[in-house]
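File shown: work23.txt. Contents: compact mmCIF, C-alpha atoms and all ligand atoms.
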# COMPACT_ATOMS: atom_id res chain seq x y z
CA MET A 1 -13.22 -27.41 -5.22
CA HIS A 2 -15.40 -24.38 -5.68
CA THR A 3 -17.02 -25.52 -8.89
CA ASP A 4 -20.05 -23.27 -8.46
CA SER A 5 -18.16 -20.04 -8.00
CA HIS A 6 -15.70 -21.10 -10.70
CA GLY A 7 -18.58 -21.39 -13.13
CA THR A 8 -20.02 -18.05 -12.04
CA PHE A 9 -16.69 -16.35 -12.43
CA LEU A 10 -16.01 -17.62 -15.92
CA ARG A 11 -19.57 -16.93 -17.03
CA TRP A 12 -19.14 -13.20 -16.57
CA ALA A 13 -15.38 -12.89 -16.85
CA VAL A 14 -15.02 -13.98 -20.45
CA PRO A 15 -17.73 -11.71 -21.93
CA LEU A 16 -16.57 -8.85 -19.70
CA VAL A 17 -13.05 -9.09 -21.05
CA ALA A 18 -14.44 -9.03 -24.59
CA ALA A 19 -16.61 -6.03 -23.77
CA LEU A 20 -13.77 -4.14 -22.18
CA ALA A 21 -11.53 -4.82 -25.14
CA ALA A 22 -14.24 -3.50 -27.45
CA ILE A 23 -14.67 -0.23 -25.58
CA SER A 24 -10.96 -0.04 -24.73
CA GLY A 25 -10.32 2.68 -22.25
CA CYS A 26 -13.24 5.01 -22.71
CA ARG A 27 -14.86 5.99 -19.44
CA LEU A 28 -18.56 5.47 -19.86
CA THR A 29 -20.95 7.43 -17.76
CA GLU A 30 -24.17 6.14 -19.22
CA ASP A 31 -25.64 2.73 -18.96
CA PRO A 32 -26.33 1.29 -22.41
CA PRO A 33 -29.31 -1.06 -22.70
CA ALA A 34 -27.11 -4.12 -23.19
CA ALA A 35 -25.24 -3.62 -19.89
CA SER A 36 -26.92 -6.43 -17.99
CA VAL A 37 -25.93 -8.90 -20.67
CA PHE A 38 -22.23 -8.69 -20.00
CA THR A 39 -21.76 -7.09 -16.58
CA PRO A 40 -24.19 -8.69 -14.19
CA ALA A 41 -21.80 -7.91 -11.32
CA HIS A 42 -21.77 -4.13 -11.78
CA ALA A 43 -24.63 -1.66 -11.61
CA THR A 44 -23.39 0.16 -14.70
CA VAL A 45 -20.86 -0.41 -17.44
CA GLY A 46 -19.14 2.73 -16.15
CA SER A 47 -18.59 1.19 -12.76
CA ALA A 48 -17.25 -2.01 -14.32
CA VAL A 49 -14.83 -0.06 -16.50
CA ASN A 50 -13.73 2.15 -13.61
CA ASP A 51 -13.07 -0.94 -11.53
CA PHE A 52 -11.11 -2.55 -14.32
CA LEU A 53 -9.01 0.55 -14.96
CA ASN A 54 -8.49 1.08 -11.27
CA ILE A 55 -10.23 4.42 -11.31
CA ARG A 56 -11.38 4.96 -7.76
CA PRO A 57 -11.72 7.94 -5.49
CA THR A 58 -8.64 8.91 -3.50
CA ALA A 59 -9.05 7.99 0.15
CA GLU A 60 -9.52 10.92 2.50
CA GLN A 61 -8.46 10.06 6.01
CA PRO A 62 -10.19 11.58 9.01
CA PHE A 63 -6.82 12.15 10.57
CA PRO A 64 -3.37 12.70 8.98
CA PHE A 65 -1.45 9.74 10.38
CA PRO A 66 2.31 10.33 9.87
CA HIS A 67 3.72 6.96 8.74
CA LYS A 68 7.25 8.27 8.37
CA THR A 69 7.44 9.59 11.94
CA HIS A 70 6.65 6.10 13.22
CA VAL A 71 8.86 4.20 10.80
CA ALA A 72 11.73 6.58 11.65
CA LYS A 73 11.31 5.54 15.30
CA GLY A 74 11.92 1.95 14.23
CA ILE A 75 8.34 0.78 14.70
CA MET A 76 7.66 -2.14 12.33
CA CYS A 77 4.60 -2.12 10.05
CA THR A 78 3.46 -5.45 11.49
CA GLU A 79 4.22 -4.63 15.12
CA TYR A 80 1.24 -2.68 16.45
CA CYS A 81 -0.79 -1.65 13.44
CA HIS A 82 -0.88 -4.26 10.68
CA GLU A 83 0.10 -7.35 12.65
CA SER A 84 -2.59 -9.53 11.10
CA ALA A 85 -0.83 -9.27 7.70
CA VAL A 86 1.60 -11.99 8.74
CA LYS A 87 -1.22 -14.29 9.82
CA GLY A 88 -3.83 -14.15 7.13
CA PRO A 89 -5.60 -12.39 4.32
CA ILE A 90 -6.50 -9.13 6.02
CA ALA A 91 -3.71 -6.77 7.04
CA GLY A 92 -6.02 -4.73 9.24
CA LEU A 93 -6.11 -1.06 10.08
CA PRO A 94 -5.38 -0.09 13.69
CA GLY A 95 -8.04 0.99 16.11
CA VAL A 96 -7.58 3.88 18.49
CA LYS A 97 -6.63 1.42 21.26
CA SER A 98 -3.47 0.47 19.33
CA CYS A 99 -2.49 4.13 19.12
CA MET A 100 -3.03 4.64 22.83
CA ILE A 101 -0.66 1.80 23.75
CA CYS A 102 2.03 4.40 23.12
CA HIS A 103 0.22 7.69 23.11
CA GLU A 104 -1.12 7.27 26.62
CA SER A 105 2.38 8.52 27.45
CA ILE A 106 4.15 9.65 24.25
CA ALA A 107 3.76 13.18 22.83
CA THR A 108 0.58 13.76 24.83
CA ASP A 109 0.96 17.53 24.55
CA ARG A 110 0.66 17.62 20.70
CA PRO A 111 -2.65 18.69 19.18
CA LEU A 112 -2.99 15.59 16.99
CA ILE A 113 -2.34 13.28 19.91
CA LYS A 114 -4.94 15.16 21.92
CA THR A 115 -7.34 14.47 19.07
CA VAL A 116 -6.54 10.74 19.26
CA ALA A 117 -6.96 10.73 23.05
CA ASP A 118 -10.25 12.51 22.59
CA TYR A 119 -11.47 9.79 20.19
CA GLN A 120 -10.74 7.27 22.91
CA LYS A 121 -12.42 9.31 25.60
CA ARG A 122 -15.56 9.59 23.49
CA GLY A 123 -15.42 5.86 22.75
CA ILE A 124 -15.30 6.27 18.98
CA ASP A 125 -12.83 4.74 16.59
CA ILE A 126 -10.89 6.40 13.80
CA SER A 127 -12.81 5.72 10.61
CA TRP A 128 -9.85 5.09 8.31
CA GLN A 129 -10.74 4.89 4.65
CA ARG A 130 -9.32 2.00 2.68
CA VAL A 131 -6.54 2.80 0.22
CA TYR A 132 -6.23 -0.68 -1.31
CA GLY A 133 -8.68 -3.50 -1.72
CA TYR A 134 -10.76 -4.89 -4.55
CA ALA A 135 -14.46 -4.54 -5.13
CA SER A 136 -16.17 -7.82 -4.35
CA GLU A 137 -17.32 -7.91 -7.99
CA SER A 138 -13.68 -8.38 -9.02
CA HIS A 139 -13.79 -11.80 -7.35
CA VAL A 140 -10.14 -11.42 -6.34
CA ARG A 141 -8.71 -13.57 -3.62
CA PHE A 142 -5.57 -12.24 -1.94
CA ASN A 143 -3.64 -13.39 1.08
CA HIS A 144 -0.69 -11.58 2.64
CA ALA A 145 0.76 -14.53 4.53
CA PRO A 146 2.21 -16.59 1.63
CA HIS A 147 3.89 -13.45 0.27
CA LEU A 148 5.49 -12.57 3.56
CA ARG A 149 6.65 -16.17 3.95
CA ALA A 150 8.18 -15.90 0.45
CA LYS A 151 9.94 -12.69 1.60
CA VAL A 152 8.13 -10.31 -0.73
CA GLU A 153 8.60 -6.87 0.83
CA CYS A 154 5.67 -4.62 1.79
CA THR A 155 7.21 -1.93 -0.44
CA THR A 156 6.96 -4.16 -3.53
CA CYS A 157 3.19 -3.88 -3.41
CA HIS A 158 2.62 -0.69 -1.43
CA GLY A 159 5.57 1.53 -2.30
CA ASN A 160 7.61 3.35 0.27
CA ILE A 161 4.88 4.25 2.76
CA GLY A 162 7.62 4.61 5.37
CA GLN A 163 8.59 7.88 3.64
CA GLN A 164 5.04 9.20 3.54
CA THR A 165 2.75 10.80 6.02
CA VAL A 166 -0.72 9.66 4.95
CA ALA A 167 -0.61 6.37 3.02
CA GLY A 168 -1.25 6.80 -0.69
CA ARG A 169 -1.99 4.33 -3.43
CA ASN A 170 1.58 4.14 -4.73
CA VAL A 171 1.31 0.93 -6.70
CA ASP A 172 -1.50 -0.14 -9.01
CA LEU A 173 -2.15 -3.71 -7.99
CA THR A 174 -3.44 -4.75 -11.38
CA MET A 175 -3.76 -8.32 -12.55
CA GLY A 176 -0.68 -7.90 -14.76
CA PHE A 177 1.37 -6.85 -11.74
CA CYS A 178 0.37 -10.01 -9.85
CA VAL A 179 0.66 -12.40 -12.78
CA ASP A 180 4.09 -11.15 -13.91
CA CYS A 181 5.67 -11.80 -10.55
CA HIS A 182 3.94 -15.15 -10.17
CA LYS A 183 5.35 -16.14 -13.55
CA SER A 184 8.88 -15.09 -12.65
CA LYS A 185 8.80 -16.74 -9.21
CA ARG A 186 7.03 -19.84 -10.47
CA ALA A 187 4.18 -19.25 -8.02
CA PRO A 188 0.77 -20.77 -8.86
CA ASN A 189 -0.79 -18.83 -11.73
CA GLU A 190 -4.13 -20.45 -12.59
CA CYS A 191 -7.18 -18.20 -12.67
CA LEU A 192 -8.45 -19.82 -9.48
CA THR A 193 -5.26 -19.00 -7.60
CA CYS A 194 -6.46 -15.41 -7.41
CA HIS A 195 -10.15 -15.58 -8.31
CA PHE A 196 -13.22 -17.18 -6.84
C1 LIG B 201 4.77 1.83 19.21
C2 LIG B 201 4.43 3.16 19.67
C3 LIG B 201 3.45 3.98 18.85
C4 LIG B 201 2.21 3.60 18.38
C5 LIG B 201 1.52 2.25 18.48
C6 LIG B 201 1.66 4.78 17.73
N1 LIG B 201 2.54 5.83 17.82
FE1 LIG B 201 2.24 7.69 17.13
N2 LIG B 201 4.12 8.20 17.67
C7 LIG B 201 4.99 7.40 18.35
C8 LIG B 201 6.25 8.10 18.54
C9 LIG B 201 7.48 7.55 19.25
C10 LIG B 201 6.09 9.37 17.95
C11 LIG B 201 7.10 10.51 17.86
C12 LIG B 201 6.89 11.42 19.04
C13 LIG B 201 7.88 12.55 19.01
O1 LIG B 201 7.93 13.31 18.04
O2 LIG B 201 8.59 12.68 20.00
C14 LIG B 201 4.73 9.39 17.41
C15 LIG B 201 4.18 10.49 16.77
C16 LIG B 201 2.87 10.58 16.36
C17 LIG B 201 2.26 11.75 15.79
C18 LIG B 201 2.95 13.08 15.52
C19 LIG B 201 2.72 13.99 16.69
C20 LIG B 201 3.23 15.38 16.38
O3 LIG B 201 2.40 16.24 16.08
O4 LIG B 201 4.45 15.57 16.40
C21 LIG B 201 0.97 11.44 15.50
C22 LIG B 201 -0.08 12.33 14.90
C23 LIG B 201 0.76 10.06 15.91
N3 LIG B 201 1.94 9.56 16.43
C24 LIG B 201 -0.43 9.37 15.79
C25 LIG B 201 -0.59 8.03 16.04
C26 LIG B 201 -1.80 7.29 15.75
C27 LIG B 201 -3.07 7.86 15.14
C28 LIG B 201 -1.55 6.00 16.10
C29 LIG B 201 -2.47 4.82 15.94
C30 LIG B 201 -2.89 4.53 14.58
C31 LIG B 201 -0.19 5.94 16.62
N4 LIG B 201 0.35 7.18 16.56
C32 LIG B 201 0.42 4.81 17.11
C33 LIG B 201 4.74 6.12 18.79
C34 LIG B 201 3.63 5.37 18.50
C1 LIG B 202 2.19 -9.21 -2.98
C2 LIG B 202 1.67 -7.90 -2.72
C3 LIG B 202 1.56 -7.41 -1.30
C4 LIG B 202 2.52 -7.41 -0.31
C5 LIG B 202 3.92 -7.98 -0.36
C6 LIG B 202 1.94 -6.73 0.82
N1 LIG B 202 0.66 -6.35 0.52
FE1 LIG B 202 -0.62 -5.36 1.73
N2 LIG B 202 -2.10 -5.51 0.36
C7 LIG B 202 -1.96 -6.09 -0.88
C8 LIG B 202 -3.27 -6.17 -1.51
C9 LIG B 202 -3.57 -6.80 -2.87
C10 LIG B 202 -4.19 -5.57 -0.62
C11 LIG B 202 -5.69 -5.46 -0.80
C12 LIG B 202 -6.23 -6.81 -0.37
C13 LIG B 202 -7.70 -6.98 -0.35
O1 LIG B 202 -8.44 -6.04 -0.22
O2 LIG B 202 -8.14 -8.15 -0.43
C14 LIG B 202 -3.41 -5.15 0.54
C15 LIG B 202 -3.94 -4.50 1.64
C16 LIG B 202 -3.17 -4.07 2.72
C17 LIG B 202 -3.67 -3.26 3.80
C18 LIG B 202 -5.08 -2.73 3.93
C19 LIG B 202 -5.09 -1.43 3.19
C20 LIG B 202 -6.43 -0.84 3.06
O3 LIG B 202 -6.50 0.24 2.45
O4 LIG B 202 -7.42 -1.43 3.55
C21 LIG B 202 -2.64 -3.03 4.65
C22 LIG B 202 -2.66 -2.24 5.94
C23 LIG B 202 -1.49 -3.72 4.12
N3 LIG B 202 -1.85 -4.33 2.94
C24 LIG B 202 -0.28 -3.75 4.73
C25 LIG B 202 0.80 -4.50 4.29
C26 LIG B 202 2.04 -4.66 5.04
C27 LIG B 202 2.34 -4.06 6.40
C28 LIG B 202 2.84 -5.46 4.28
C29 LIG B 202 4.22 -6.00 4.62
C30 LIG B 202 4.33 -6.67 5.91
C31 LIG B 202 2.11 -5.77 3.06
N4 LIG B 202 0.88 -5.18 3.11
C32 LIG B 202 2.59 -6.53 2.02
C33 LIG B 202 -0.80 -6.55 -1.44
C34 LIG B 202 0.39 -6.74 -0.76
C1 LIG B 203 6.74 -9.77 -6.16
C2 LIG B 203 6.13 -11.05 -6.42
C3 LIG B 203 4.64 -11.24 -6.23
C4 LIG B 203 3.62 -10.35 -6.46
C5 LIG B 203 3.72 -8.93 -6.97
C6 LIG B 203 2.40 -11.05 -6.15
N1 LIG B 203 2.65 -12.31 -5.73
FE1 LIG B 203 1.26 -13.67 -5.08
N2 LIG B 203 2.76 -14.95 -4.59
C7 LIG B 203 4.09 -14.74 -4.81
C8 LIG B 203 4.84 -15.85 -4.24
C9 LIG B 203 6.35 -16.02 -4.28
C10 LIG B 203 3.90 -16.70 -3.65
C11 LIG B 203 4.16 -17.97 -2.83
C12 LIG B 203 4.11 -19.18 -3.65
C13 LIG B 203 4.37 -20.39 -2.76
O1 LIG B 203 4.07 -20.36 -1.56
O2 LIG B 203 4.85 -21.35 -3.32
C14 LIG B 203 2.59 -16.12 -3.90
C15 LIG B 203 1.40 -16.71 -3.50
C16 LIG B 203 0.14 -16.18 -3.76
C17 LIG B 203 -1.11 -16.81 -3.41
C18 LIG B 203 -1.27 -18.15 -2.71
C19 LIG B 203 -1.19 -19.20 -3.77
C20 LIG B 203 -1.36 -20.59 -3.24
O3 LIG B 203 -2.21 -21.29 -3.77
O4 LIG B 203 -0.64 -20.97 -2.32
C21 LIG B 203 -2.12 -16.00 -3.86
C22 LIG B 203 -3.62 -16.22 -3.73
C23 LIG B 203 -1.50 -14.86 -4.47
N3 LIG B 203 -0.13 -15.02 -4.41
C24 LIG B 203 -2.18 -13.80 -5.06
C25 LIG B 203 -1.58 -12.64 -5.53
C26 LIG B 203 -2.29 -11.48 -6.01
C27 LIG B 203 -3.79 -11.36 -6.12
C28 LIG B 203 -1.35 -10.56 -6.33
C29 LIG B 203 -1.55 -9.14 -6.85
C30 LIG B 203 -2.25 -8.26 -5.95
C31 LIG B 203 -0.05 -11.13 -6.05
N4 LIG B 203 -0.23 -12.41 -5.59
C32 LIG B 203 1.14 -10.48 -6.28
C33 LIG B 203 4.67 -13.66 -5.42
C34 LIG B 203 4.02 -12.49 -5.77
C1 LIG B 204 -1.81 -13.86 -9.70
C2 LIG B 204 -3.17 -13.41 -9.55
C3 LIG B 204 -4.15 -13.50 -10.71
C4 LIG B 204 -4.31 -14.54 -11.61
C5 LIG B 204 -3.51 -15.84 -11.72
C6 LIG B 204 -5.42 -14.18 -12.45
N1 LIG B 204 -5.91 -12.96 -12.08
FE1 LIG B 204 -7.48 -11.95 -12.94
N2 LIG B 204 -7.20 -10.40 -11.67
C7 LIG B 204 -6.28 -10.36 -10.66
C8 LIG B 204 -6.44 -9.12 -9.95
C9 LIG B 204 -5.63 -8.67 -8.75
C10 LIG B 204 -7.48 -8.41 -10.58
C11 LIG B 204 -8.08 -7.07 -10.18
C12 LIG B 204 -7.30 -6.00 -10.86
C13 LIG B 204 -7.83 -4.63 -10.55
O1 LIG B 204 -8.85 -4.46 -9.86
O2 LIG B 204 -7.18 -3.71 -11.04
C14 LIG B 204 -7.94 -9.25 -11.66
C15 LIG B 204 -8.98 -8.88 -12.53
C16 LIG B 204 -9.52 -9.73 -13.47
C17 LIG B 204 -10.66 -9.40 -14.29
C18 LIG B 204 -11.42 -8.09 -14.26
C19 LIG B 204 -12.46 -8.17 -13.17
C20 LIG B 204 -13.11 -6.84 -12.86
O3 LIG B 204 -14.24 -6.84 -12.34
O4 LIG B 204 -12.50 -5.80 -13.07
C21 LIG B 204 -10.89 -10.46 -15.09
C22 LIG B 204 -12.00 -10.62 -16.11
C23 LIG B 204 -9.89 -11.48 -14.76
N3 LIG B 204 -9.07 -10.99 -13.77
C24 LIG B 204 -9.82 -12.73 -15.36
C25 LIG B 204 -8.81 -13.65 -15.11
C26 LIG B 204 -8.68 -14.91 -15.81
C27 LIG B 204 -9.65 -15.40 -16.88
C28 LIG B 204 -7.57 -15.55 -15.30
C29 LIG B 204 -6.93 -16.86 -15.73
C30 LIG B 204 -6.53 -16.91 -17.12
C31 LIG B 204 -7.02 -14.66 -14.27
N4 LIG B 204 -7.79 -13.54 -14.19
C32 LIG B 204 -5.90 -14.96 -13.50
C33 LIG B 204 -5.36 -11.34 -10.34
C34 LIG B 204 -5.17 -12.52 -11.02
In C-alpha cells, what does this structure look like?
Ligand code: HEC
Ligand code: HEC
Ligand code: HEC
Ligand code: HEC
Amino acid sequence: MHTDSHGTFLRWAVPLVAALAAISGCRLTEDPPAASVFTPAHATVGSAVNDFLNIRPTAEQPFPFPHKTHVAKGIMCTEYCHESAVKGPIAGLPGVKSCMICHESIATDRPLIKTVADYQKRGIDISWQRVYGYASESHVRFNHAPHLRAKVECTTCHGNIGQQTVAGRNVDLTMGFCVDCHKSKRAPNECLTCHF
C-alpha cells in the first residue's frame, strides 16, 4: 500500500476541491497570498485552476502527420506507432525510425516524406508535442492495458483520430468521464484506483 502518497494526496486534494468550488470557474491570473496554503502542488492558483478546468495550450506539431491517410491504408493504431498501449501505461509516440520502416520505400518523392527522411539523415527525432496527459501535480494514474483488455475502443477516449490529419484533443478526459464509465462497468472506483 502506498500509505505515504495516499496521505499526501488527500492532504492537498480535499482543500483544493473546496478552494476550487469557492472560486468556481474564474480563471485567476494573479497569485493571492493564501495560495501556498491550499495548492502546494501548483506554482500559482491560476495554474491549479487551469489544470483542473483542462485549460492547456493546443499542441503544435513540428510536422503535420496525416492520421487518416494511414488509417485508410488499414494500418492499425497499435501496429507501428502506439504499440506499447496494449502492454502498459504509456502509449508512446513513434520515432522517426518507425516512420522509415515504410517510408524508406513508400511515397519517397513527396515533400513531407523527404522531410522525414531528412530528419533521419540528420539523426534527429521528430519532437511531437503531447496532446493528452496529466500534469504530475494531478497525481493521476492511468494505464491503457486494462482498458484494451476490457475492449474499450481508442475512439471512446480519443475521438475519431482516424478521420483527422493532426491528432487533436477531441475528448476531455476529466475525472467525471472516467468515474462515470467505471461506475457503469463496475470497474474499481476508489480514489486510489486512479490517484497516487
Ligand atoms: C506501415 C507503413 C507506414 C508507416 C509506419 C508510416 N507510414 Fe506514412 N504512409 C504510409 C502509406 C501507405 C502512405 C500513403 C502513400 C500514398 O499516398 O501512396 C503514407 C503517407 C504518408 C504521408 C502523406 C504523404 C503525401 O504527401 O501524400 C505522410 C506525410 C506520412 N505518411 C508520414 C509518416 C510519418 C511521419 C510516419 C511516422 C510517424 C509514417 N508516415 C509512418 C505508410 C506508412
Ligand atoms: C479509457 C480511456 C482510453 C482509451 C480506451 C485509450 N486511451 Fe490513449 N490515453 C488515455 C489517457 C488518459 C492518456 C493520457 C495518459 C497519461 O498521460 O498518463 C492517453 C494517452 C495516449 C497517447 C499519448 C498521447 C500524448 O499526447 O502523449 C496515445 C498515443 C494514446 N493514448 C493512444 C491510444 C490508442 C492507440 C488507443 C487504442 C488502442 C488508446 N489510446 C485508448 C486514455 C485512453
Ligand atoms: C468507457 C469506459 C471507461 C472509461 C472512460 C475509463 N475507464 Fe478505466 N477501466 C474501465 C474498465 C472496464 C476497466 C477494467 C476493470 C477490470 O479489469 O476489471 C478499467 C480499469 C482501469 C484501471 C485499472 C484498475 C485496476 O485496479 O485494475 C485504472 C487505473 C483506470 N481504469 C483508470 C481510468 C482513468 C484515469 C480514466 C479516465 C482517463 C478511465 N479509467 C476511463 C473502463 C473505463
Ligand atoms: C476512475 C478514475 C478516478 C477516480 C476513481 C477518482 N479520480 Fe480524481 N481525477 C481523475 C482524473 C483523470 C483527474 C484529472 C482530470 C483533469 O485533469 O481534467 C482527476 C482529478 C482530481 C482532482 C483535481 C486534481 C488537479 O490537480 O486538478 C482531485 C482533487 C481529485 N481528482 C480527487 C479525487 C478523489 C478525492 C477521489 C475519490 C473520491 C477521486 N478523485 C477518484 C480520475 C479519478
Leaving out Glu79 (chain A) and any residue of its chain fewer than 5 positions from it, which residues lie within 12 Å of it when counting all atoms listed in the file, given as a PDB file with C-alpha atoms, in the frame of the given file?
ATOM      1  CA  HIS A  70       6.650   6.100  13.220  1.00  0.00           C
ATOM      2  CA  VAL A  71       8.860   4.200  10.800  1.00  0.00           C
ATOM      3  CA  GLY A  74      11.920   1.950  14.230  1.00  0.00           C
ATOM      4  CA  SER A  84      -2.590  -9.530  11.100  1.00  0.00           C
ATOM      5  CA  ALA A  85      -0.830  -9.270   7.700  1.00  0.00           C
ATOM      6  CA  VAL A  86       1.600 -11.990   8.740  1.00  0.00           C
ATOM      7  CA  ALA A  91      -3.710  -6.770   7.040  1.00  0.00           C
ATOM      8  CA  GLY A  92      -6.020  -4.730   9.240  1.00  0.00           C
ATOM      9  CA  PRO A  94      -5.380  -0.090  13.690  1.00  0.00           C
ATOM     10  CA  SER A  98      -3.470   0.470  19.330  1.00  0.00           C
ATOM     11  CA  CYS A  99      -2.490   4.130  19.120  1.00  0.00           C
ATOM     12  CA  ILE A 101      -0.660   1.800  23.750  1.00  0.00           C
TER      13      ILE A 101
END
Report the centre and edge lengths, in Å to one decimal, of an axis-aligned box enclosing every atom of ligand LIG 204 (chain B) listed in the file, padded by 4 Å on each side, as JSON.
{"center_x": -8.0, "center_y": -10.3, "center_z": -12.9, "size_x": 20.4, "size_y": 21.2, "size_z": 16.4}
How close does each residue of chain A get to ligand LIG 202 (chain B), giving the shortest atom pair and distance in Å to one decimal for every residue with an atom at most 10 Å away, counting all atoms listed in the file, sorted by chain and residue number, as JSON lines?
{"residue": "A:Ala59", "atom": "CA", "partner": "B:LIG202", "partner_atom": "O3", "distance": 8.5}
{"residue": "A:Met76", "atom": "CA", "partner": "B:LIG202", "partner_atom": "C27", "distance": 8.2}
{"residue": "A:Cys77", "atom": "CA", "partner": "B:LIG202", "partner_atom": "C27", "distance": 4.7}
{"residue": "A:Thr78", "atom": "CA", "partner": "B:LIG202", "partner_atom": "C27", "distance": 5.4}
{"residue": "A:Glu79", "atom": "CA", "partner": "B:LIG202", "partner_atom": "C27", "distance": 8.9}
{"residue": "A:Cys81", "atom": "CA", "partner": "B:LIG202", "partner_atom": "C22", "distance": 7.8}
{"residue": "A:His82", "atom": "CA", "partner": "B:LIG202", "partner_atom": "C27", "distance": 5.4}
{"residue": "A:Glu83", "atom": "CA", "partner": "B:LIG202", "partner_atom": "C27", "distance": 7.4}
{"residue": "A:Ser84", "atom": "CA", "partner": "B:LIG202", "partner_atom": "C27", "distance": 8.7}
{"residue": "A:Ala85", "atom": "CA", "partner": "B:LIG202", "partner_atom": "C26", "distance": 6.0}
{"residue": "A:Val86", "atom": "CA", "partner": "B:LIG202", "partner_atom": "C30", "distance": 6.6}
{"residue": "A:Pro89", "atom": "CA", "partner": "B:LIG202", "partner_atom": "O2", "distance": 6.9}
{"residue": "A:Ile90", "atom": "CA", "partner": "B:LIG202", "partner_atom": "O2", "distance": 6.7}
{"residue": "A:Ala91", "atom": "CA", "partner": "B:LIG202", "partner_atom": "C21", "distance": 4.6}
{"residue": "A:Gly92", "atom": "CA", "partner": "B:LIG202", "partner_atom": "C22", "distance": 5.3}
{"residue": "A:Leu93", "atom": "CA", "partner": "B:LIG202", "partner_atom": "C22", "distance": 5.5}
{"residue": "A:Pro94", "atom": "CA", "partner": "B:LIG202", "partner_atom": "C22", "distance": 8.5}
{"residue": "A:Trp128", "atom": "CA", "partner": "B:LIG202", "partner_atom": "O3", "distance": 8.3}
{"residue": "A:Gln129", "atom": "CA", "partner": "B:LIG202", "partner_atom": "O3", "distance": 6.7}
{"residue": "A:Arg130", "atom": "CA", "partner": "B:LIG202", "partner_atom": "O3", "distance": 3.3}
{"residue": "A:Val131", "atom": "CA", "partner": "B:LIG202", "partner_atom": "O3", "distance": 3.4}
{"residue": "A:Tyr132", "atom": "CA", "partner": "B:LIG202", "partner_atom": "O3", "distance": 3.9}
{"residue": "A:Gly133", "atom": "CA", "partner": "B:LIG202", "partner_atom": "O1", "distance": 3.0}
{"residue": "A:Tyr134", "atom": "CA", "partner": "B:LIG202", "partner_atom": "O1", "distance": 5.0}
{"residue": "A:Ala135", "atom": "CA", "partner": "B:LIG202", "partner_atom": "O1", "distance": 7.9}
{"residue": "A:Ser136", "atom": "CA", "partner": "B:LIG202", "partner_atom": "O2", "distance": 8.9}
{"residue": "A:His139", "atom": "CA", "partner": "B:LIG202", "partner_atom": "O2", "distance": 9.7}
{"residue": "A:Val140", "atom": "CA", "partner": "B:LIG202", "partner_atom": "O2", "distance": 7.0}
{"residue": "A:Arg141", "atom": "CA", "partner": "B:LIG202", "partner_atom": "O2", "distance": 6.3}
{"residue": "A:Phe142", "atom": "CA", "partner": "B:LIG202", "partner_atom": "O2", "distance": 5.1}
{"residue": "A:Asn143", "atom": "CA", "partner": "B:LIG202", "partner_atom": "O2", "distance": 7.1}
{"residue": "A:His144", "atom": "CA", "partner": "B:LIG202", "partner_atom": "N1", "distance": 5.8}
{"residue": "A:Ala145", "atom": "CA", "partner": "B:LIG202", "partner_atom": "C32", "distance": 8.6}
{"residue": "A:Pro146", "atom": "CA", "partner": "B:LIG202", "partner_atom": "C1", "distance": 8.7}
{"residue": "A:His147", "atom": "CA", "partner": "B:LIG202", "partner_atom": "C5", "distance": 5.5}
{"residue": "A:Leu148", "atom": "CA", "partner": "B:LIG202", "partner_atom": "C5", "distance": 6.2}
{"residue": "A:Arg149", "atom": "CA", "partner": "B:LIG202", "partner_atom": "C5", "distance": 9.6}
{"residue": "A:Ala150", "atom": "CA", "partner": "B:LIG202", "partner_atom": "C5", "distance": 9.0}
{"residue": "A:Lys151", "atom": "CA", "partner": "B:LIG202", "partner_atom": "C5", "distance": 7.9}
{"residue": "A:Val152", "atom": "CA", "partner": "B:LIG202", "partner_atom": "C5", "distance": 4.8}
{"residue": "A:Glu153", "atom": "CA", "partner": "B:LIG202", "partner_atom": "C5", "distance": 5.0}
{"residue": "A:Cys154", "atom": "CA", "partner": "B:LIG202", "partner_atom": "C29", "distance": 3.5}
{"residue": "A:Thr155", "atom": "CA", "partner": "B:LIG202", "partner_atom": "C5", "distance": 6.9}
{"residue": "A:Thr156", "atom": "CA", "partner": "B:LIG202", "partner_atom": "C5", "distance": 5.8}
{"residue": "A:Cys157", "atom": "CA", "partner": "B:LIG202", "partner_atom": "C2", "distance": 4.4}
{"residue": "A:His158", "atom": "CA", "partner": "B:LIG202", "partner_atom": "N1", "distance": 6.3}
{"residue": "A:Gly159", "atom": "CA", "partner": "B:LIG202", "partner_atom": "C6", "distance": 9.5}
{"residue": "A:Ile161", "atom": "CA", "partner": "B:LIG202", "partner_atom": "C27", "distance": 9.4}
{"residue": "A:Ala167", "atom": "CA", "partner": "B:LIG202", "partner_atom": "O3", "distance": 8.5}
{"residue": "A:Gly168", "atom": "CA", "partner": "B:LIG202", "partner_atom": "O3", "distance": 9.0}
{"residue": "A:Arg169", "atom": "CA", "partner": "B:LIG202", "partner_atom": "O3", "distance": 8.5}
{"residue": "A:Val171", "atom": "CA", "partner": "B:LIG202", "partner_atom": "C33", "distance": 9.4}
{"residue": "A:Asp172", "atom": "CA", "partner": "B:LIG202", "partner_atom": "C9", "distance": 9.3}
{"residue": "A:Leu173", "atom": "CA", "partner": "B:LIG202", "partner_atom": "C9", "distance": 6.1}
{"residue": "A:Thr174", "atom": "CA", "partner": "B:LIG202", "partner_atom": "C9", "distance": 8.8}
{"residue": "A:Met175", "atom": "CA", "partner": "B:LIG202", "partner_atom": "C9", "distance": 9.8}
{"residue": "A:Phe177", "atom": "CA", "partner": "B:LIG202", "partner_atom": "C2", "distance": 9.1}
{"residue": "A:Cys178", "atom": "CA", "partner": "B:LIG202", "partner_atom": "C1", "distance": 7.2}
{"residue": "A:Cys181", "atom": "CA", "partner": "B:LIG202", "partner_atom": "C1", "distance": 8.7}
{"residue": "A:His182", "atom": "CA", "partner": "B:LIG202", "partner_atom": "C1", "distance": 9.5}
Checklist line | Nearest to ligand LIG 203 (chain B), chosen from A:Ile106, A:Cys191, A:Val166, A:Ala72, with all atoms listed in the file counted in the distances | finding: A:Cys191
Check: Separation of atom C24 of ligand LIG 203 (chain B) and CA of Glu137 (chain A), in Å?
Finding: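 Atom-to-atom, atom C24 of ligand LIG 203 (chain B) to CA of Glu137 (chain A), that is 16.5 Å.
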Checklist line | Selected residue of minimal separation from ligand LIG 204 (chain B) among A:Glu60, A:Asp118, A:Glu190, A:Glu104, counting all atoms listed in the file | finding: A:Glu190
